[in-house]
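A.B. asks: Quick one: this structure, given as structure tokens, is what I'll be asking you about.
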Amino acid sequence: MRRTWVRPDTVRGIVIIALFLWVLLPIGRKAYSYWTAKSLARATQVRISAVLHTLPDSRTPVLGDSKARFKIVEFSDYQCPFCKAIDPVLATFAARHPGDVALYRYDTPLEQIHSYAYKAAVAAGCAEMQGIQSSFQSTLFQHQREFATIDWAALAKDAGVPNSQTFTQCVSAEGPRERIRKDIETGNLLGIEGTPSFVINGAMISGPLSDGRLNDLYAKFESSLR
């Protein structure tokens with residue numbers, strides 16, 4: 001039988017190629033993972049930016065007019081004491097700038113710490129279906145310590161909800177549950193972890209919001225229009 005010999009330089013070439021691939025492939029995998037993660041992060045940021053600017057769309061403002069230039073979006077929880085504290089501040093601020101400020105509210109019930117926040121959000125949504133927003137939502141904040149035993153229908157009636165029977169049926173059936181779920185998903189996408197959280201004219205606002213800070217933000221907004 002005739003033997004086939006492999007030339008030494010051929011063997012060296014194969015070894016060099018094997019070593020090259022052994023070193024290069026892990027680097028290639030890491031580079032691919034890096035650029036994939038970076039592309040996903042960029043796509044997520046683009047999506048978040050789009051969401052931030054469209055939050056008020058197709059939604060009725062709680063306070064003010066939808067044509068207002070200064071749009072405040074609040075991610076809120078009706079059992080949150082800080083949301084209760086900021087509610088009259090927002091109302092006063094909106095009243096100070098009639099026609100130029102609108103407040104939109106997204107439900108973000110923190111159910112892990114607030115047992116009745118979701119039920120309150122359902123009640124608020126049912127009242128909104130009958131055209132009652134601001135008065136009932138403010139009433140909810142004022143009665144948040146009574147949520148464990150509260151009569152939702154009686155509270156709604158006091159706030160001006162016209163049809164108690166329809167309201168009660170809506171609360172029982174959790175009529176607004178799909179909208180609340182979408183509100184929560186939107187909050188998760190934007191990284192909302194606490195309430196109240198605010199987006200003003202498409203920009204996330206970090207830190208506490210006060211009347212003084214609202215005035216400062218509004219002044220900067222007006223200056224940008226000049």
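Following the order of the structure tokens, first chain is A, next is B, and so on, with residues numbered from 1 inside each chain and ligands from 1 in the order they appear.
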I'd like the neighbourhood of A:Ser210 as a list in words, where a residue qualifies if any of its atoms comes within 9 Å (using only C-alpha atoms), though same-chain residues fewer than 4 positions away should be ignored.

C.D. replies: Ile86, Val89, Leu90, Leu214 and Asn215 of chain A

A.B. asks: Please list as a list in words every residue within 12 Å of stretch 219-221 of chain A, counting only C-alpha atoms and excluding residues in the same chain fewer than 4 positions away.

C.D. replies: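 Everything that qualifies: Arg69, Phe70, Lys71, His97, Asp100, Val101, Ile200, Asn201, Ala203, Gly212, Arg213, Leu214, Asn215, Leu225 and Arg226 of chain A.
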
A.B. asks: Next, the residues of the selection above should be written as a JSON list (two decimals), in the first residue's frame with C-alpha atoms.

C.D. replies:
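Output contents, as saved in result12.json:
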[["chain", "number", "residue", "atom", "x", "y", "z"],
["A", 69, "ARG", "CA", -49.59, 73.65, 24.83],
["A", 70, "PHE", "CA", -48.26, 72.64, 28.25],
["A", 71, "LYS", "CA", -49.19, 68.98, 28.66],
["A", 97, "HIS", "CA", -53.02, 78.97, 33.37],
["A", 100, "ASP", "CA", -52.69, 76.62, 28.38],
["A", 101, "VAL", "CA", -52.24, 73.63, 30.73],
["A", 200, "ILE", "CA", -44.22, 67.08, 30.58],
["A", 201, "ASN", "CA", -44.34, 67.83, 26.88],
["A", 203, "ALA", "CA", -39.87, 64.79, 28.67],
["A", 212, "GLY", "CA", -42.50, 76.25, 42.46],
["A", 213, "ARG", "CA", -40.94, 73.71, 40.14],
["A", 214, "LEU", "CA", -44.04, 73.65, 37.94],
["A", 215, "ASN", "CA", -43.79, 77.43, 37.64],
["A", 225, "LEU", "CA", -41.53, 79.72, 22.35],
["A", 226, "ARG", "CA", -40.21, 83.25, 22.03]]

A.B. asks: Fewer than 4 positions away in the same chain doesn't count, so skip those; otherwise give me all residues within 12 Å of A:Pro88, counting only C-alpha atoms, as a list of chain:residue names.

C.D. replies: A:Leu63, A:Phe82, A:Cys83, A:Lys84, A:Thr92, A:Phe93, A:Ala94, A:Ala95, A:Ser134, A:Ser135, A:Gln137, A:Ser138, A:Thr139, A:Phe141, A:Gln142, A:Ser210, A:Asp211

A.B. asks: Expressed in Å to a single decimal, how great is the separation between atom CA of A:Val122 and atom CA of A:His53?

C.D. replies: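 Separation between atom CA of A:Val122 and atom CA of A:His53: 25.5 Å.
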
A.B. asks: Show me, as JSON, numbers by chain, the residues that have an atom within 9 Å of stretch 107-110 of chain A when counting only C-alpha atoms, minus same-chain residues fewer than 2 positions from it.

C.D. replies: {"A": [74, 75, 76, 77, 78, 79, 80, 105, 112, 113, 114, 115, 116, 117, 118, 119, 120, 121, 179, 180, 181, 183, 184, 187, 192, 193, 194, 195, 196]}

A.B. asks: Looking at A:Val73, A:Ala123, A:Ala102, A:Ala156, which one is nearest to A:Thr54, with distances taken over only C-alpha atoms?

C.D. replies: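 Answer, going by the shortest atom-to-atom distance: A:Val73.
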
A.B. asks: Can you pull out the residues contacting A:Arg59? Cut-off 10 Å, using only C-alpha atoms, and skip same-chain residues under 3 positions away; I want them as an MDAnalysis selection string.

C.D. replies: chainID A and resid 54:56 62 66 104:106

A.B. asks: Counting only C-alpha atoms, what is within 9 Å of stretch 158-173 of chain A, bar same-chain residues fewer than 3 positions away, as a list in words?

C.D. replies: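 With the cut-off at 9 Å, the set is Lys119, Val122, Ala123, Gly125, Cys126, Ala127, Glu128, Met129, Gln130, Gly131, Ile132, Ser135, Phe136, Gln137, Thr139, Trp152, Ala153, Ala154, Leu155, Pro176 and Arg177 of chain A.
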
A.B. asks: Output C-alpha atoms for every residue in that selection, as a tab-separated table (two decimals), in the first residue's frame.

C.D. replies:
chain	number	residue	atom	x	y	z
A	119	LYS	CA	-60.10	48.77	42.57
A	122	VAL	CA	-61.42	50.67	38.12
A	123	ALA	CA	-63.88	52.99	39.87
A	125	GLY	CA	-62.37	54.50	34.92
A	126	CYS	CA	-66.06	53.70	35.33
A	127	ALA	CA	-66.77	57.28	36.38
A	128	GLU	CA	-64.79	58.53	33.39
A	129	MET	CA	-67.01	56.43	31.10
A	130	GLN	CA	-69.86	58.63	32.26
A	131	GLY	CA	-67.91	61.82	31.65
A	132	ILE	CA	-66.84	62.44	35.26
A	135	SER	CA	-64.18	65.60	40.66
A	136	PHE	CA	-64.31	61.84	41.22
A	137	GLN	CA	-60.56	61.34	41.02
A	139	THR	CA	-62.65	62.55	45.75
A	152	TRP	CA	-67.89	53.14	45.55
A	153	ALA	CA	-71.36	53.92	44.19
A	154	ALA	CA	-72.15	56.40	46.97
A	155	LEU	CA	-68.80	58.09	46.44
A	176	PRO	CA	-61.77	49.59	32.38
A	177	ARG	CA	-59.39	46.67	33.14
